[in-house]
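Next comes coords24.tsv, a file with TSV, C-alpha atoms.
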```tsv
chain	number	residue	atom	x	y	z
A	1	MET	CA	18.28	-10.42	11.29
A	2	ILE	CA	16.42	-8.58	14.03
A	3	PHE	CA	12.65	-8.25	14.09
A	4	TYR	CA	11.16	-5.24	15.91
A	5	ASP	CA	7.73	-6.27	17.04
A	6	CYS	CA	4.93	-5.16	19.35
A	7	ALA	CA	2.84	-8.09	20.57
A	8	THR	CA	-0.41	-6.10	20.86
A	9	ALA	CA	-0.44	-4.22	17.52
A	10	PRO	CA	-1.91	-5.48	14.24
A	11	SER	CA	0.79	-4.28	11.82
A	12	PRO	CA	3.68	-6.23	13.34
A	13	ARG	CA	1.37	-9.23	13.78
A	14	ARG	CA	1.23	-9.48	9.99
A	15	ALA	CA	5.02	-9.83	9.83
A	16	ARG	CA	5.01	-12.19	12.82
A	17	MET	CA	2.55	-14.51	11.10
A	18	PHE	CA	4.53	-14.35	7.86
A	19	ILE	CA	7.72	-15.32	9.72
A	20	ALA	CA	5.90	-18.18	11.50
A	21	GLU	CA	4.44	-19.49	8.22
A	22	LYS	CA	7.96	-19.56	6.79
A	23	GLY	CA	9.11	-21.56	9.82
A	24	LEU	CA	11.80	-18.99	10.63
A	25	GLU	CA	13.21	-18.11	14.04
A	26	ILE	CA	14.34	-14.49	14.08
A	27	GLU	CA	15.73	-12.61	17.05
A	28	THR	CA	12.85	-10.41	18.18
A	29	ARG	CA	12.77	-7.18	20.18
A	30	GLN	CA	9.56	-5.78	21.59
A	31	VAL	CA	8.91	-2.08	21.03
A	32	ASP	CA	6.75	-0.69	23.82
A	33	LEU	CA	4.27	1.46	21.91
A	34	ARG	CA	2.31	2.33	25.04
A	35	ASN	CA	5.34	3.99	26.56
A	36	ASP	CA	6.41	5.66	23.32
A	37	GLY	CA	9.21	3.19	22.61
A	38	HIS	CA	8.59	3.81	18.90
A	39	ARG	CA	9.31	7.50	19.39
A	40	ALA	CA	12.58	7.01	21.28
A	41	PRO	CA	15.68	8.29	19.45
A	42	GLU	CA	17.19	4.76	19.18
A	43	PHE	CA	14.10	3.50	17.39
A	44	LEU	CA	13.68	6.57	15.18
A	45	ALA	CA	17.27	5.97	14.03
A	46	LEU	CA	16.03	2.64	12.59
A	47	ASN	CA	12.74	4.00	11.28
A	48	GLN	CA	12.26	7.73	11.08
A	49	HIS	CA	8.50	7.20	10.68
A	50	GLY	CA	8.32	5.53	14.10
A	51	THR	CA	6.21	2.56	13.08
A	52	VAL	CA	6.50	-1.18	13.69
A	53	PRO	CA	7.28	-3.69	12.29
A	54	VAL	CA	10.91	-3.19	11.30
A	55	LEU	CA	13.16	-5.98	10.09
A	56	THR	CA	16.91	-5.39	10.08
A	57	THR	CA	18.34	-7.64	7.39
A	58	ASP	CA	21.58	-9.63	7.62
A	59	GLU	CA	23.13	-6.88	5.48
A	60	GLY	CA	22.00	-4.23	7.99
A	61	LEU	CA	19.18	-2.69	5.96
A	62	ASN	CA	16.20	-1.57	8.04
A	63	LEU	CA	12.99	-2.58	6.27
A	64	THR	CA	10.06	-0.62	7.67
A	65	GLU	CA	6.96	-1.75	5.78
A	66	ASN	CA	5.12	-5.07	5.91
A	67	ILE	CA	5.22	-5.54	2.16
A	68	ALA	CA	8.99	-4.94	2.15
A	69	ILE	CA	9.62	-7.39	4.97
A	70	ALA	CA	7.50	-10.00	3.18
A	71	GLY	CA	9.23	-9.43	-0.17
A	72	TYR	CA	12.66	-9.73	1.44
A	73	LEU	CA	11.83	-12.90	3.37
A	74	GLU	CA	10.13	-14.49	0.34
A	75	ALA	CA	13.30	-13.87	-1.70
A	76	MET	CA	15.56	-15.23	1.07
A	77	HIS	CA	13.34	-18.21	1.93
A	78	PRO	CA	11.11	-19.08	-1.03
A	79	GLU	CA	9.51	-22.12	0.65
A	80	PRO	CA	6.63	-22.31	1.36
A	81	PRO	CA	5.67	-19.61	-1.14
A	82	LEU	CA	3.44	-16.96	0.42
A	83	MET	CA	3.51	-14.47	-2.47
A	84	GLY	CA	2.62	-16.72	-5.43
A	85	THR	CA	4.78	-18.59	-7.91
A	86	THR	CA	3.33	-17.88	-11.39
A	87	PRO	CA	3.04	-14.27	-12.67
A	88	ASP	CA	-0.76	-14.38	-12.26
A	89	GLU	CA	-0.46	-15.68	-8.70
A	90	LYS	CA	2.11	-13.04	-7.81
A	91	GLY	CA	-0.21	-10.35	-9.20
A	92	ALA	CA	-3.22	-11.75	-7.36
A	93	VAL	CA	-1.40	-11.87	-4.01
A	94	LEU	CA	-0.22	-8.27	-4.32
A	95	MET	CA	-3.68	-7.15	-5.42
A	96	TRP	CA	-5.57	-8.78	-2.56
A	97	ASN	CA	-2.94	-7.67	-0.08
A	98	ALA	CA	-3.35	-4.06	-1.26
A	99	ILE	CA	-7.17	-4.32	-1.17
A	100	CYS	CA	-7.00	-5.61	2.42
A	101	GLU	CA	-4.66	-2.79	3.39
A	102	PHE	CA	-6.51	0.09	1.74
A	103	HIS	CA	-10.11	-0.98	2.24
A	104	GLY	CA	-9.71	-3.07	5.41
A	105	GLY	CA	-6.75	-1.95	7.48
A	106	MET	CA	-7.08	1.73	6.70
A	107	SER	CA	-10.80	1.70	7.50
A	108	ILE	CA	-10.29	0.06	10.88
A	109	ALA	CA	-7.37	2.34	11.75
A	110	GLU	CA	-9.38	5.43	10.81
A	111	THR	CA	-12.37	4.24	12.83
A	112	LEU	CA	-10.30	3.51	15.91
A	113	ARG	CA	-7.73	6.30	15.83
A	114	ASN	CA	-10.15	9.13	15.14
A	115	ALA	CA	-12.61	8.21	17.87
A	116	SER	CA	-10.85	6.51	20.79
A	117	PRO	CA	-10.27	8.91	23.73
A	118	ALA	CA	-7.04	6.99	24.48
A	119	LEU	CA	-5.69	7.91	21.03
A	120	LYS	CA	-6.39	11.64	21.15
A	121	GLY	CA	-3.77	13.40	19.04
A	122	ARG	CA	-2.66	10.03	17.62
A	123	ALA	CA	-4.86	9.89	14.51
A	124	LEU	CA	-1.99	8.39	12.52
A	125	PRO	CA	0.54	5.87	13.80
A	126	GLY	CA	4.18	6.81	14.16
A	127	ALA	CA	6.35	9.72	15.07
A	128	VAL	CA	4.10	12.70	14.35
A	129	ASN	CA	0.97	13.76	16.26
A	130	TYR	CA	-2.20	14.48	14.29
A	131	ASP	CA	-5.54	15.58	15.70
A	132	GLN	CA	-8.48	13.24	15.50
A	133	ILE	CA	-11.05	13.92	12.77
A	134	PRO	CA	-14.41	12.48	13.89
A	135	GLU	CA	-15.83	12.41	10.33
A	136	LEU	CA	-12.96	10.15	9.36
A	137	ALA	CA	-13.96	7.64	12.04
A	138	GLU	CA	-17.48	7.61	10.61
A	139	ARG	CA	-16.22	7.22	7.07
A	140	GLY	CA	-13.93	4.38	8.14
A	141	ALA	CA	-16.83	2.48	9.70
A	142	LYS	CA	-18.83	2.81	6.48
A	143	ARG	CA	-15.92	1.70	4.30
A	144	LEU	CA	-15.26	-1.26	6.56
A	145	GLN	CA	-18.72	-2.70	5.86
A	146	LEU	CA	-18.06	-2.44	2.12
A	147	PHE	CA	-14.75	-4.20	2.61
A	148	TYR	CA	-16.52	-7.05	4.40
A	149	ALA	CA	-18.94	-7.37	1.47
A	150	THR	CA	-15.99	-7.54	-0.97
A	151	LEU	CA	-14.32	-10.18	1.16
A	152	GLU	CA	-17.46	-12.30	1.42
A	153	GLN	CA	-18.09	-12.14	-2.32
A	154	ARG	CA	-14.52	-13.22	-3.04
A	155	LEU	CA	-14.51	-16.02	-0.48
A	156	GLN	CA	-17.80	-17.42	-1.78
A	157	ASP	CA	-15.84	-18.06	-5.01
A	158	SER	CA	-12.33	-18.86	-3.83
A	159	PRO	CA	-10.90	-20.84	-0.88
A	160	TRP	CA	-8.22	-18.23	-0.28
A	161	LEU	CA	-8.10	-14.56	-1.24
A	162	ALA	CA	-5.52	-14.89	-4.01
A	163	GLY	CA	-6.69	-18.29	-5.30
A	164	ASP	CA	-6.07	-21.92	-4.35
A	165	SER	CA	-3.27	-21.37	-1.82
A	166	PHE	CA	-2.91	-19.62	1.51
A	167	THR	CA	-0.79	-16.45	1.01
A	168	MET	CA	0.24	-13.22	2.66
A	169	ALA	CA	-3.02	-11.67	1.44
A	170	ASP	CA	-4.88	-14.03	3.78
A	171	ILE	CA	-2.60	-13.03	6.64
A	172	THR	CA	-3.33	-9.35	5.98
A	173	GLY	CA	-7.09	-9.86	5.73
A	174	TYR	CA	-7.21	-12.09	8.78
A	175	VAL	CA	-5.17	-9.79	11.01
A	176	PHE	CA	-7.36	-6.80	10.20
A	177	CYS	CA	-10.67	-8.69	10.59
A	178	ASP	CA	-9.47	-10.03	13.93
A	179	PHE	CA	-8.24	-6.62	15.10
A	180	ALA	CA	-11.64	-5.10	14.23
A	181	ARG	CA	-12.80	-6.53	17.58
A	182	ILE	CA	-11.31	-3.43	19.14
A	183	VAL	CA	-13.89	-1.23	17.37
A	184	LYS	CA	-16.60	-3.91	17.82
A	185	MET	CA	-16.93	-4.29	14.05
A	186	THR	CA	-15.80	-7.79	13.15
A	187	PRO	CA	-17.30	-9.32	9.97
A	188	PRO	CA	-21.02	-10.08	10.29
A	189	ASP	CA	-22.05	-13.63	11.30
A	190	GLU	CA	-24.11	-13.99	8.13
A	191	ASN	CA	-20.92	-13.69	6.03
A	192	THR	CA	-20.52	-17.44	6.21
A	193	ALA	CA	-17.65	-17.81	3.74
A	194	THR	CA	-15.70	-15.15	5.61
A	195	GLN	CA	-16.38	-16.78	8.97
A	196	ALA	CA	-15.22	-20.18	7.67
A	197	TRP	CA	-12.07	-18.60	6.22
A	198	LEU	CA	-11.33	-16.78	9.50
A	199	ALA	CA	-11.77	-20.03	11.45
A	200	LYS	CA	-9.41	-21.89	9.10
A	201	ILE	CA	-6.73	-19.24	9.59
A	202	ALA	CA	-7.28	-18.99	13.36
A	203	ALA	CA	-6.52	-22.74	13.53
A	204	ARG	CA	-3.09	-22.32	11.91
A	205	PRO	CA	-0.18	-22.28	14.39
A	206	SER	CA	0.97	-18.92	12.94
A	207	ALA	CA	-2.19	-17.25	14.31
A	208	GLN	CA	-0.88	-17.93	17.83
A	209	ALA	CA	2.65	-16.74	17.03
B	1	MET	CA	-3.18	-8.19	-22.21
B	2	ILE	CA	-5.34	-5.09	-22.04
B	3	PHE	CA	-4.34	-2.00	-20.09
B	4	TYR	CA	-7.13	0.27	-18.83
B	5	ASP	CA	-5.65	3.71	-18.53
B	6	CYS	CA	-6.68	7.34	-18.07
B	7	ALA	CA	-4.19	9.74	-19.62
B	8	THR	CA	-4.82	12.53	-17.09
B	9	ALA	CA	-4.75	10.61	-13.78
B	10	PRO	CA	-1.67	9.89	-11.65
B	11	SER	CA	-2.41	6.28	-10.64
B	12	PRO	CA	-2.54	4.83	-14.16
B	13	ARG	CA	0.46	6.96	-15.10
B	14	ARG	CA	2.52	4.86	-12.69
B	15	ALA	CA	1.57	1.68	-14.59
B	16	ARG	CA	2.07	3.44	-17.94
B	17	MET	CA	5.62	4.44	-17.00
B	18	PHE	CA	6.35	0.93	-15.71
B	19	ILE	CA	5.16	-0.56	-19.02
B	20	ALA	CA	7.25	1.94	-21.00
B	21	GLU	CA	10.37	1.23	-18.92
B	22	LYS	CA	9.90	-2.47	-19.69
B	23	GLY	CA	9.69	-1.63	-23.40
B	24	LEU	CA	6.29	-3.33	-23.72
B	25	GLU	CA	3.50	-2.47	-26.10
B	26	ILE	CA	0.16	-3.36	-24.54
B	27	GLU	CA	-3.27	-2.77	-26.06
B	28	THR	CA	-4.60	0.24	-24.14
B	29	ARG	CA	-8.14	1.47	-23.54
B	30	GLN	CA	-8.84	4.90	-22.10
B	31	VAL	CA	-11.35	5.09	-19.27
B	32	ASP	CA	-13.08	8.47	-19.26
B	33	LEU	CA	-13.05	9.36	-15.57
B	34	ARG	CA	-14.57	12.78	-16.17
B	35	ASN	CA	-17.68	11.21	-17.64
B	36	ASP	CA	-17.87	8.45	-15.04
B	37	GLY	CA	-16.49	5.77	-17.36
B	38	HIS	CA	-15.01	4.10	-14.26
B	39	ARG	CA	-18.47	3.80	-12.76
B	40	ALA	CA	-20.10	2.25	-15.84
B	41	PRO	CA	-21.33	-1.34	-15.35
B	42	GLU	CA	-18.86	-2.71	-17.95
B	43	PHE	CA	-15.94	-1.25	-16.07
B	44	LEU	CA	-17.22	-2.20	-12.62
B	45	ALA	CA	-17.42	-5.79	-13.91
B	46	LEU	CA	-13.61	-5.62	-14.34
B	47	ASN	CA	-12.96	-3.72	-11.12
B	48	GLN	CA	-15.73	-3.46	-8.56
B	49	HIS	CA	-13.83	-0.64	-6.83
B	50	GLY	CA	-14.04	1.50	-9.97
B	51	THR	CA	-10.42	2.61	-10.04
B	52	VAL	CA	-7.78	2.75	-12.75
B	53	PRO	CA	-5.34	1.29	-13.67
B	54	VAL	CA	-6.52	-2.23	-14.47
B	55	LEU	CA	-4.46	-4.75	-16.38
B	56	THR	CA	-6.21	-7.80	-17.80
B	57	THR	CA	-3.59	-10.53	-18.04
B	58	ASP	CA	-3.20	-13.03	-20.88
B	59	GLU	CA	-4.96	-15.54	-18.62
B	60	GLY	CA	-7.91	-13.15	-18.16
B	61	LEU	CA	-7.21	-12.06	-14.60
B	62	ASN	CA	-8.09	-8.41	-13.88
B	63	LEU	CA	-5.34	-6.85	-11.79
B	64	THR	CA	-6.58	-3.68	-10.17
B	65	GLU	CA	-3.72	-2.27	-8.11
B	66	ASN	CA	-0.46	-0.69	-9.28
B	67	ILE	CA	1.67	-2.97	-7.13
B	68	ALA	CA	-0.10	-6.02	-8.57
B	69	ILE	CA	0.34	-4.88	-12.16
B	70	ALA	CA	4.01	-4.22	-11.49
B	71	GLY	CA	4.55	-7.58	-9.79
B	72	TYR	CA	2.87	-9.41	-12.65
B	73	LEU	CA	4.81	-7.61	-15.37
B	74	GLU	CA	8.10	-8.00	-13.51
B	75	ALA	CA	7.50	-11.77	-13.31
B	76	MET	CA	6.51	-11.98	-17.00
B	77	HIS	CA	9.27	-9.67	-18.26
B	78	PRO	CA	12.15	-9.60	-15.77
B	79	GLU	CA	14.36	-7.30	-17.88
B	80	PRO	CA	15.16	-4.57	-17.11
B	81	PRO	CA	14.51	-5.25	-13.43
B	82	LEU	CA	12.35	-2.53	-11.83
B	83	MET	CA	11.71	-4.29	-8.51
B	84	GLY	CA	15.22	-5.28	-7.46
B	85	THR	CA	17.20	-8.48	-7.94
B	86	THR	CA	18.76	-9.36	-4.56
B	87	PRO	CA	16.55	-9.88	-1.48
B	88	ASP	CA	17.74	-6.57	0.00
B	89	GLU	CA	17.00	-4.72	-3.23
B	90	LYS	CA	13.55	-6.27	-3.49
B	91	GLY	CA	12.82	-5.21	0.08
B	92	ALA	CA	14.14	-1.69	-0.50
B	93	VAL	CA	12.01	-1.20	-3.64
B	94	LEU	CA	8.84	-2.35	-1.89
B	95	MET	CA	9.64	-0.19	1.13
B	96	TRP	CA	10.25	3.03	-0.81
B	97	ASN	CA	7.27	2.35	-3.03
B	98	ALA	CA	5.05	1.97	0.04
B	99	ILE	CA	6.52	5.12	1.64
B	100	CYS	CA	5.80	7.10	-1.55
B	101	GLU	CA	2.24	5.76	-1.64
B	102	PHE	CA	1.34	6.29	2.00
B	103	HIS	CA	3.20	9.52	2.75
B	104	GLY	CA	3.25	11.04	-0.74
B	105	GLY	CA	0.33	9.85	-2.86
B	106	MET	CA	-2.16	9.66	-0.03
B	107	SER	CA	-1.24	13.15	1.19
B	108	ILE	CA	-1.69	14.71	-2.24
B	109	ALA	CA	-4.95	12.84	-2.86
B	110	GLU	CA	-6.32	13.94	0.51
B	111	THR	CA	-5.29	17.54	-0.09
B	112	LEU	CA	-6.88	17.66	-3.52
B	113	ARG	CA	-9.97	15.54	-3.06
B	114	ASN	CA	-11.11	17.09	0.21
B	115	ALA	CA	-10.81	20.70	-0.95
B	116	SER	CA	-11.44	20.98	-4.70
B	117	PRO	CA	-14.97	22.21	-5.51
B	118	ALA	CA	-14.88	20.04	-8.65
B	119	LEU	CA	-14.45	16.93	-6.49
B	120	LYS	CA	-17.29	17.57	-4.06
B	121	GLY	CA	-18.62	14.20	-2.89
B	122	ARG	CA	-15.56	12.47	-4.45
B	123	ALA	CA	-13.24	12.44	-1.45
B	124	LEU	CA	-12.06	8.95	-2.38
B	125	PRO	CA	-11.48	7.64	-5.90
B	126	GLY	CA	-13.68	4.90	-7.31
B	127	ALA	CA	-17.21	3.65	-7.22
B	128	VAL	CA	-18.51	5.08	-3.94
B	129	ASN	CA	-19.21	8.73	-3.10
B	130	TYR	CA	-17.76	10.15	0.11
B	131	ASP	CA	-18.19	13.68	1.42
B	132	GLN	CA	-15.19	15.94	1.58
B	133	ILE	CA	-13.56	16.42	4.99
B	134	PRO	CA	-11.79	19.82	5.00
B	135	GLU	CA	-9.55	18.88	7.98
B	136	LEU	CA	-8.23	15.99	5.93
B	137	ALA	CA	-7.12	18.36	3.17
B	138	GLU	CA	-5.22	20.38	5.78
B	139	ARG	CA	-3.67	17.28	7.28
B	140	GLY	CA	-2.65	16.06	3.82
B	141	ALA	CA	-0.85	19.32	3.06
B	142	LYS	CA	1.08	19.06	6.32
B	143	ARG	CA	2.03	15.43	5.73
B	144	LEU	CA	3.14	16.22	2.19
B	145	GLN	CA	5.82	18.61	3.46
B	146	LEU	CA	7.16	15.89	5.77
B	147	PHE	CA	7.22	13.49	2.83
B	148	TYR	CA	9.28	15.97	0.83
B	149	ALA	CA	11.76	16.21	3.71
B	150	THR	CA	12.04	12.39	3.81
B	151	LEU	CA	12.61	12.30	0.07
B	152	GLU	CA	15.27	14.99	0.16
B	153	GLN	CA	17.14	13.32	3.02
B	154	ARG	CA	17.13	10.01	1.16
B	155	LEU	CA	18.17	11.50	-2.18
B	156	GLN	CA	21.05	13.40	-0.57
B	157	ASP	CA	22.45	9.93	0.26
B	158	SER	CA	21.34	7.78	-2.66
B	159	PRO	CA	21.05	8.35	-6.44
B	160	TRP	CA	17.71	6.51	-6.57
B	161	LEU	CA	15.16	5.85	-3.85
B	162	ALA	CA	15.86	2.13	-3.47
B	163	GLY	CA	19.62	2.33	-4.06
B	164	ASP	CA	21.90	2.39	-7.09
B	165	SER	CA	19.29	1.60	-9.76
B	166	PHE	CA	16.17	3.26	-11.09
B	167	THR	CA	13.13	1.24	-9.92
B	168	MET	CA	9.37	1.37	-9.60
B	169	ALA	CA	9.81	3.29	-6.33
B	170	ASP	CA	11.24	6.18	-8.37
B	171	ILE	CA	8.29	6.00	-10.75
B	172	THR	CA	5.87	6.21	-7.82
B	173	GLY	CA	7.69	9.09	-6.17
B	174	TYR	CA	8.10	11.00	-9.42
B	175	VAL	CA	4.48	10.64	-10.51
B	176	PHE	CA	3.20	11.95	-7.19
B	177	CYS	CA	5.68	14.86	-6.98
B	178	ASP	CA	4.76	15.84	-10.54
B	179	PHE	CA	1.02	15.53	-9.90
B	180	ALA	CA	1.37	17.78	-6.83
B	181	ARG	CA	1.34	20.67	-9.31
B	182	ILE	CA	-2.42	20.38	-9.22
B	183	VAL	CA	-2.47	21.43	-5.56
B	184	LYS	CA	0.41	23.89	-6.12
B	185	MET	CA	2.61	21.96	-3.72
B	186	THR	CA	5.49	20.51	-5.69
B	187	PRO	CA	8.75	19.86	-3.81
B	188	PRO	CA	10.48	23.07	-2.67
B	189	ASP	CA	13.22	24.48	-4.92
B	190	GLU	CA	15.73	24.32	-2.07
B	191	ASN	CA	15.40	20.50	-2.02
B	192	THR	CA	18.22	20.28	-4.54
B	193	ALA	CA	18.71	16.51	-4.49
B	194	THR	CA	14.99	16.01	-5.09
B	195	GLN	CA	14.95	18.55	-7.93
B	196	ALA	CA	17.93	16.86	-9.62
B	197	TRP	CA	16.26	13.44	-9.24
B	198	LEU	CA	12.97	14.76	-10.68
B	199	ALA	CA	14.83	16.27	-13.66
B	200	LYS	CA	16.66	12.98	-14.32
B	201	ILE	CA	13.35	11.08	-14.37
B	202	ALA	CA	11.55	13.72	-16.45
B	203	ALA	CA	14.24	13.21	-19.12
B	204	ARG	CA	13.49	9.48	-19.44
B	205	PRO	CA	11.28	8.58	-22.41
B	206	SER	CA	8.86	6.81	-20.05
B	207	ALA	CA	7.95	10.16	-18.46
B	208	GLN	CA	6.37	11.15	-21.81
B	209	ALA	CA	4.56	7.82	-22.24
```
Would you kindly transcribe this structure into C-alpha cells?
Amino acid sequence: MIFYDCATAPSPRRARMFIAEKGLEIETRQVDLRNDGHRAPEFLALNQHGTVPVLTTDEGLNLTENIAIAGYLEAMHPEPPLMGTTPDEKGAVLMWNAICEFHGGMSIAETLRNASPALKGRALPGAVNYDQIPELAERGAKRLQLFYATLEQRLQDSPWLAGDSFTMADITGYVFCDFARIVKMTPPDENTATQAWLAKIAARPSAQA
Amino acid sequence: MIFYDCATAPSPRRARMFIAEKGLEIETRQVDLRNDGHRAPEFLALNQHGTVPVLTTDEGLNLTENIAIAGYLEAMHPEPPLMGTTPDEKGAVLMWNAICEFHGGMSIAETLRNASPALKGRALPGAVNYDQIPELAERGAKRLQLFYATLEQRLQDSPWLAGDSFTMADITGYVFCDFARIVKMTPPDENTATQAWLAKIAARPSAQA
C-alpha cells in the first residue's frame, strides 16, 4: 500500500488518523499542495480529480475518497472496529460521518475557499479552477454554526457521535472542528459537551499522527 | 422498519432502488415535500435536518443519510451484495458512490436549486431556508459536464462503476443522471458507454420501484 498524504490539509488528516487508530504503518508520500503537486501529471494519473488523500491498495487500486479508504482498511484490518459491528452501529457511523462531511466539512471549506485571498480561483479543491463566490463563504459560516449546535445536542446525549464507541465519525468531526481554526470559527466555548469530546480526541495518539 | 420516502425526489429514490434490489418489502410512508411535510414537527423529530430518505430500523434508530441506510441494509441483508465483497470492491463502491454524490448529485442540485423560481429561498434541501446564489447554478452546470466526462471514461473501461458487478454506486449515478432531465442536462448522446449503462439500469425492475 502507498498513502498519498499532505501534512497540512484536513482531508488527508482524516485518513492519517484512521490509519493510526488501526495501528498500521503504511508507506507514505507527501503531496505538496502549495506547489501544485496534486495537479502534476504523475498525481493526476492516480487521481484525475487531483485531491488527497489517495490510498493505493496492495492490488494496485487507487482509492481517492476518505470513505473508500476507510471502508477498504476496515475490511482488511477489522480490529479495532472504527465503522461499527452491528447493523445499527454501521448505519450510525455512516450517518454521523456523512453529517460531519456535509454540514461540517463542506461549511468550513466553503467559508475558507470562497473568501481567502490566497485561494482566489481555488473555490473547490482539486484539478479544476473555480472562481470564489463570496455569498457561499457567508452561507458556509451560517451553516457551520448550525452544525455546531447539532454536534453539541448529540454529544450531550452520547459519549461518541455514533454511540458508545469511538469511530471514524468522531475522526471526521474532530478534524473539521480543529481545522475551523483557520477561519477563526472553532466550536463555541459554551458547547461544553463538544469541548470535552474534542479534548478527549486531542489526547489520543492518532491526533498527533 | 419504516421507510420515509418521497416518490418524486431523487435522494429517496436511491434508497428505494437499493431496497428493491435487495428484494425487501418495507413499510413506506410518503413525505409530502411540496407541502412542507419534511418541515413538520413530527418529521423533524425523526430527522432534525428535514431531509428524506429516513429509515427507522427495527431497533428504532432513525437513519437519515443514503449511505447509512445502505450500510445498515447491506449488513442486515447481505444478499445480493450491493456494496462489494472483497476489500478492494468495498473501497471501489464507496469511492464511486462518493464521486457520484459530490461531482454528480451536488452539481445537479446546485444547478436546479439556485436557479429555479419555484425553489427561491430553498437553495439547500431540508429544514433551513437559504437564498439562491446564481453563480452556484452556473458552477454546478459546468461541474456536471466534467462529471459526465468522468463517467464516460470509466464506463468505456468497466461494465459497472465499481467493477464487474452492479452496485449502489450505479444506483447513485443512474438516479442523478436521470434526474438531470429536470435541468435539461442529461448525459450527452455521444457518451455511448454512459447511454448503454443508463439503458441497462433503466431496464432493471428496481428502476420502476
- Quick one: everything within 7 Å of Glu65 (chain B), counting all atoms listed in the file, minus sequence neighbours fewer than 4 positions away in the same chain. Send it as a PyMOL selection string. (chain A and resi 95) or (chain B and resi 53-54+69)
I'd like a table as CSV: residues in chain A with an atom no more than 7 Å from chain B, each row giving the shortest atom pair and its distance in Å to one decimal, all atoms listed in the file counted, sorted by chain and rising residue number.
```
residue,atom,partner,partner_atom,distance
A:Leu63,CA,B:Met95,CA,6.6
A:Thr64,CA,B:Met95,CA,6.6
A:Glu65,CA,B:Met95,CA,5.6
A:Ile67,CA,B:Leu94,CA,6.3
A:Ala68,CA,B:Gly91,CA,4.4
A:Ile69,CA,B:Gly91,CA,6.2
A:Gly71,CA,B:Gly91,CA,5.5
A:Tyr72,CA,B:Gly91,CA,4.7
A:Ala75,CA,B:Pro87,CA,5.2
A:Met76,CA,B:Pro87,CA,6.0
A:Pro87,CA,B:Tyr72,CA,4.9
A:Asp88,CA,B:Tyr72,CA,6.2
A:Lys90,CA,B:Tyr72,CA,6.1
A:Gly91,CA,B:Ala68,CA,4.4
A:Ala92,CA,B:Ala68,CA,6.6
A:Leu94,CA,B:Ala68,CA,4.8
A:Met95,CA,B:Ala68,CA,4.9
```
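Closest approach to Pro159 (chain A) among A:Arg29, A:Lys22, A:Lys200, A:Lys184 is made by A:Lys200 (distances from all atoms listed in the file).
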- Message: Which residues are near Ile2 (chain B)? Cut-off 6 Å, only C-alpha atoms, ignore same chain within fewer than 5 positions. Put them as JSON, numbers by chain.
- Response: {"B": [27, 28, 55, 56]}
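Checking B:Ala115, B:Ile26, B:Leu124, B:Ile201 one by one against Thr172 (chain B), counting all atoms listed in the file, you find the shortest gap at B:Ile201.
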- Nearby residues, (-19.0, -18.1, 1.8) file frame, 7 Å, only C-alpha atoms, as number ranges by chain: A: 152, 155-156, 191-194
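Considering all atoms listed in the file, the residue among B:Phe166, B:Phe179, B:Phe43, B:Tyr4 positioned nearest to Thr111 (chain B) is B:Phe179.
CA of Asn47 (chain A) to CA of Glu190 (chain B) spans 24.5 Å [interatomic distance, one decimal].
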- For CA of Arg204 (chain B) and CA of Gly84 (chain B), quote the distance in Å rounded to one decimal. 19.1 Å
- For CA of Met168 (chain A) and CA of Glu110 (chain A), quote the distance in Å rounded to one decimal.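 Going from CA of Met168 (chain A) over to CA of Glu110 (chain A), I get 22.5 Å.
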- List every protein, DNA or RNA residue that has an atom no more than 12 Å from (7.2, 21.9, -3.0) in the file's coordinate frame, counting all atoms listed in the file, and report them as a count of residues only. 32
- Item | From B:Ala118, B:Met83, B:Ala127, B:Cys100, residue lying nearest Thr51 (chain B) [all atoms listed in the file] |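 Checking each candidate against Thr51 (chain B), we get B:Ala127 as the closest.
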